[in-house]
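*Asks:* I have a structure here, written as structure tokens, and I will follow up with some questions on it.
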Amino acid sequence: MNGIAAVFYRDYRQRITNVAWVFWDLFVPVAYLMLFGTGFERAFAERFIVDGQEVRYAEFLLPGVIAMTTFGIAMNTSWGFFMDKDSGIFYELLTYPITRQQLLLGKICFNVVLSSIGSFLVIMLGVSVLQVNIRWTLLPLTFLAVVVTTAGWFFLFSIFAIRLRRMDSFNTFTSAAYIILMFISTMFYPVADMPAWFRIVARLNPMTWQVDMVRFSLLGAGSPTTIVLEGLAFCAFTVVCLVFAVRTIDRAA
Amino acid sequence: MKAIEVEQLRKIYRSETNKPLHALNEVSFHIPQGSICGLLGPNGAGKTTLIKILTTIITPTSGRAVVQGYDVVRNPLEVRKQIAVVLQQTAVETMLSVQDNLLIYAYLHGVSRNAALARMRSVVEEFDLADKLRETVQDLSIGTKRRVQVAKIFMVDSPVIFLDEATTGMDPLMKRRVLDRIRTEARAGRTILLTTQVLSEAEQLCETIMIIDHGRMLASGSLQELRRLSEQLFRVSLSFAGINGELQNRLEALKPVEMTIDGKNVEMVFRGEESLLLDQFAEISRSVPITQFEIRGADLERIFLALVENEK
């Protein structure tokens with residue numbers, strides 16, 4: 001078995017033997033979609049204008065929930081590095097005949113499969129229960145965005161999971177990242193009417209780039225030029241995080 | 001052929017105050033293929049640092065280390081293809097079953113599914129793990145976890161095995177079985193480098209022994225060579241009909257390194273010429289009959305302590 005496949009199998013066995021983990025990976029975004037999608041749409045705003053296009057709140061939220069799915073799965077998988085350090089297996093892994101890149105890529109492959117299943121589930125629920133109209137023809141683009149963004153988030157969280165020695169420090173970091181990256185972005189609301197500082201932070205936030213890409217592919221909302229730039233920016237973000245993650249593994253020993 | 005070759009290896013860590021800490025200082029040695037080599041030293045001597053460099057976990061500050069012809073810095077992946085490692089700390093996948101631990105280890109070493117399953121059957125028999133295959137490792141005792149960790153390395157046929165205090169926490173029966181297995185592997189041509197705190201284990205098992213302290217190689221060679229190096233240490237066991245104060249004074253006058261009196265029996269450790277020592281005891285026996293006399297070379301523990309003490 002080659003290195004990437006072996007790491008994939010390892011992650012698969014780790015997750016499958018802890019079904020609760022997989023359940024929360026998939027359940028949390030679905031719960032957000034159903035509760036926020038239904039509740040907010042009826043309570044506050046039935047329709048939004050996004051880049052000149054009128055959309056329902058459930059439609060607006062759906063791409064954000066897909067981003068949340070990839071983000072949550074990447075975060076939980078990177079937490080696995082802590083378990084590896086705790087059980088002592090992390091340092092033994094470094095003596096196996098696989099490269100650091102293969103280790104990360106094997107993990108990311110499993111993440112991508114899980115994220116794709118989660119995203120597909122979210123889309124199907126959005127379409128069937130919340131009657132969201134999506135552009136089926138651009139669905140492959142949505143899944144391409146899911147692949148790249150899952151990788152980017154995983155590499156980012158891995159850097160901190162490997163570097164930080166204390167579990168509570170990592171938990172603090174992930175909680176802060178969860179709040180800042182998700183809420184100062186276009187995930188839950190349009191940022192056009194927000195204060196200037198908020199808009200600037202949101203524009204620089206990779207979560208905004210991800211949500212915008214998925215929103216464009218699913219709903220057609222947004223300027224193609226902006227989406228291309230955001231896509232390129234996210235790819236660069238992913239590559240930089242990968243480089244730092246590999247370096248962090250090398251230095252961790 | 002040399003399985004492991006180390007030349008002028010140095011490793012300097014930086015402390016939190018940026019003070020350099022010499023974990024390894026100009027260490028050189030080589031280990032021939034198919035031999036068992038013991039690496040001994042007190043805690044903090046540099047043993048684990050050396051193992052970490054040879055297993056590519058960390059890189060040396062300077063010097064050269066080659067495993068099976070591959071440089072650990074230039075070809076780390078090739079080195080990793082040649083080795084199997086049991087680290088000092090327990091390293092098992094705690095959330096997975098024993099079976100998953102063994103199979104995943106084999107897969108990560110490039111073994112196919114069928115070959116891994118076949119190998120697993122013999123390994124679990126040998127390590128008494130057959131009835132625990134489906135159990136989650138976190139539910140096992142510390143000794144059994146250690147057994148799983150050691151069993152893993154026999155799932156693959158890597159030519160070089162590193163064992164960093166591998167038998168710690170094992171029951172005596174299993175420890176003996178592991179030591180026997182190590183001997184068998186060496187006879188089959190695998191090279192084994194082990195560190196241990198149990199000196200009798202190294203004495204029984206190793207053809208070559210290296211002693212390091214404060215990052216420096218104090219001595220290396222066979223047990224016989226180390227005995228010579230440790231300034232001719234001898235252990236003498238004596239029995240008398242009775243021991244009075246005068247006899248005790250005469251024995252102390254021989255200036256033993258160590259002396260223990262237990263009833264009529266005396267255990268002494270001497271440093272010096274064996275023939276001179278025999279003459280001195282012959283002189284004593286003329287006035288006080290010696291009922292039993294045995295002289296033998298010092299055991300590894302004594303040699304180890306002598307070398308480390310000399311270094312201090």
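In the structure tokens, chains take the letters A, B, ... in the order shown, each chain's residues start at 1, and ligands count up from 1 in the order shown.
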Give the residues of chain A that lie within 10 Å of chain B; count only C-alpha atoms, and format the answer as a count of residues only.

*Replies:* 39

*Asks:* For Gly44 in chain B, work out the shell of residues within 9 Å, counting only C-alpha atoms and skipping chain neighbours fewer than 3 positions away, then give it as a list of chain:residue names.

*Replies:*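 Contacts, in chain order: B:Ala23, B:Gly41, B:Lys47, B:Thr48, B:Asp213, B:His214, B:Gly215.
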
*Asks:* Please return, as a list of chain:residue names, all residues of range 88-163 of chain B that DSSP assigns to strand (DSSP E or B) on the basis of the backbone.

*Replies:*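 Everything in range 88-163 of chain B that counts as strand (DSSP E or B) is B:Ser97, B:Thr136, B:Val160, B:Ile161, B:Phe162, B:Leu163.
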
*Asks:* Give me a file of those residues, with C-alpha atoms, as a PDB file, in the first residue's frame.

*Replies:*
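Now in out-v8.pdb:
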ATOM      1  CA  SER B  97      -7.882  -2.127  18.086  1.00  0.00           C
ATOM      2  CA  THR B 136      -9.200  -1.198  21.830  1.00  0.00           C
ATOM      3  CA  VAL B 160      17.765  -2.429  10.962  1.00  0.00           C
ATOM      4  CA  ILE B 161      15.817  -2.322  14.227  1.00  0.00           C
ATOM      5  CA  PHE B 162      16.109   0.398  16.866  1.00  0.00           C
ATOM      6  CA  LEU B 163      14.845  -0.471  20.334  1.00  0.00           C
TER       7      LEU B 163
END

*Asks:* What's the separation between CA of Val243 in chain A and CA of Val228 in chain A, in Å to one decimal place?

*Replies:*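 CA of Val228 in chain A lies at a distance of 22.8 Å from CA of Val243 in chain A.
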
*Asks:* Please provide as a PDB file with C-alpha atoms, in the first residue's frame all residues within 12 Å of Ala166 in chain B, with the sequence filter that same-chain residues fewer than 2 positions apart are discarded (counting only C-alpha atoms).

*Replies:*
ATOM      1  CA  VAL B  85      11.729   1.641  15.569  1.00  0.00           C
ATOM      2  CA  VAL B  86      10.433   1.151  19.093  1.00  0.00           C
ATOM      3  CA  LEU B  87      10.676   4.493  20.827  1.00  0.00           C
ATOM      4  CA  GLN B  88      11.153   4.979  24.548  1.00  0.00           C
ATOM      5  CA  GLN B  89       7.688   6.375  25.113  1.00  0.00           C
ATOM      6  CA  THR B  90       4.695   4.148  24.505  1.00  0.00           C
ATOM      7  CA  ALA B  91       3.565   4.712  20.920  1.00  0.00           C
ATOM      8  CA  GLY B 143       2.605  -3.951  29.693  1.00  0.00           C
ATOM      9  CA  LYS B 145       0.395  -1.798  25.193  1.00  0.00           C
ATOM     10  CA  ARG B 146       4.170  -2.116  25.200  1.00  0.00           C
ATOM     11  CA  ARG B 147       3.820  -5.628  23.783  1.00  0.00           C
ATOM     12  CA  VAL B 148       1.669  -4.278  20.939  1.00  0.00           C
ATOM     13  CA  GLN B 149       4.280  -1.592  20.283  1.00  0.00           C
ATOM     14  CA  VAL B 150       7.095  -4.147  20.085  1.00  0.00           C
ATOM     15  CA  ALA B 151       4.990  -6.650  18.098  1.00  0.00           C
ATOM     16  CA  LYS B 152       4.483  -3.995  15.408  1.00  0.00           C
ATOM     17  CA  ILE B 153       8.120  -4.012  14.342  1.00  0.00           C
ATOM     18  CA  ILE B 161      15.817  -2.322  14.227  1.00  0.00           C
ATOM     19  CA  PHE B 162      16.109   0.398  16.866  1.00  0.00           C
ATOM     20  CA  LEU B 163      14.845  -0.471  20.334  1.00  0.00           C
ATOM     21  CA  ASP B 164      14.836   2.384  22.829  1.00  0.00           C
ATOM     22  CA  THR B 168      10.366  -1.604  29.867  1.00  0.00           C
ATOM     23  CA  GLY B 169       7.081  -2.554  31.537  1.00  0.00           C
ATOM     24  CA  MET B 170       6.986  -6.114  30.153  1.00  0.00           C
ATOM     25  CA  MET B 174       7.414 -11.824  27.615  1.00  0.00           C
ATOM     26  CA  LYS B 175      10.714 -10.007  28.063  1.00  0.00           C
ATOM     27  CA  VAL B 178      11.315 -10.673  23.014  1.00  0.00           C
ATOM     28  CA  LEU B 179      15.027 -11.103  23.760  1.00  0.00           C
ATOM     29  CA  ILE B 182      15.853 -10.329  18.876  1.00  0.00           C
ATOM     30  CA  ILE B 192      19.748  -4.292  16.173  1.00  0.00           C
ATOM     31  CA  LEU B 193      20.688  -1.208  18.142  1.00  0.00           C
ATOM     32  CA  LEU B 194      19.124  -1.150  21.577  1.00  0.00           C
ATOM     33  CA  THR B 195      19.240   1.083  24.588  1.00  0.00           C
ATOM     34  CA  THR B 196      18.390  -0.311  27.972  1.00  0.00           C
ATOM     35  CA  GLN B 197      18.653   0.522  31.650  1.00  0.00           C
ATOM     36  CA  VAL B 198      18.737  -3.206  32.453  1.00  0.00           C
ATOM     37  CA  GLU B 201      19.840  -7.567  29.427  1.00  0.00           C
TER      38      GLU B 201
END
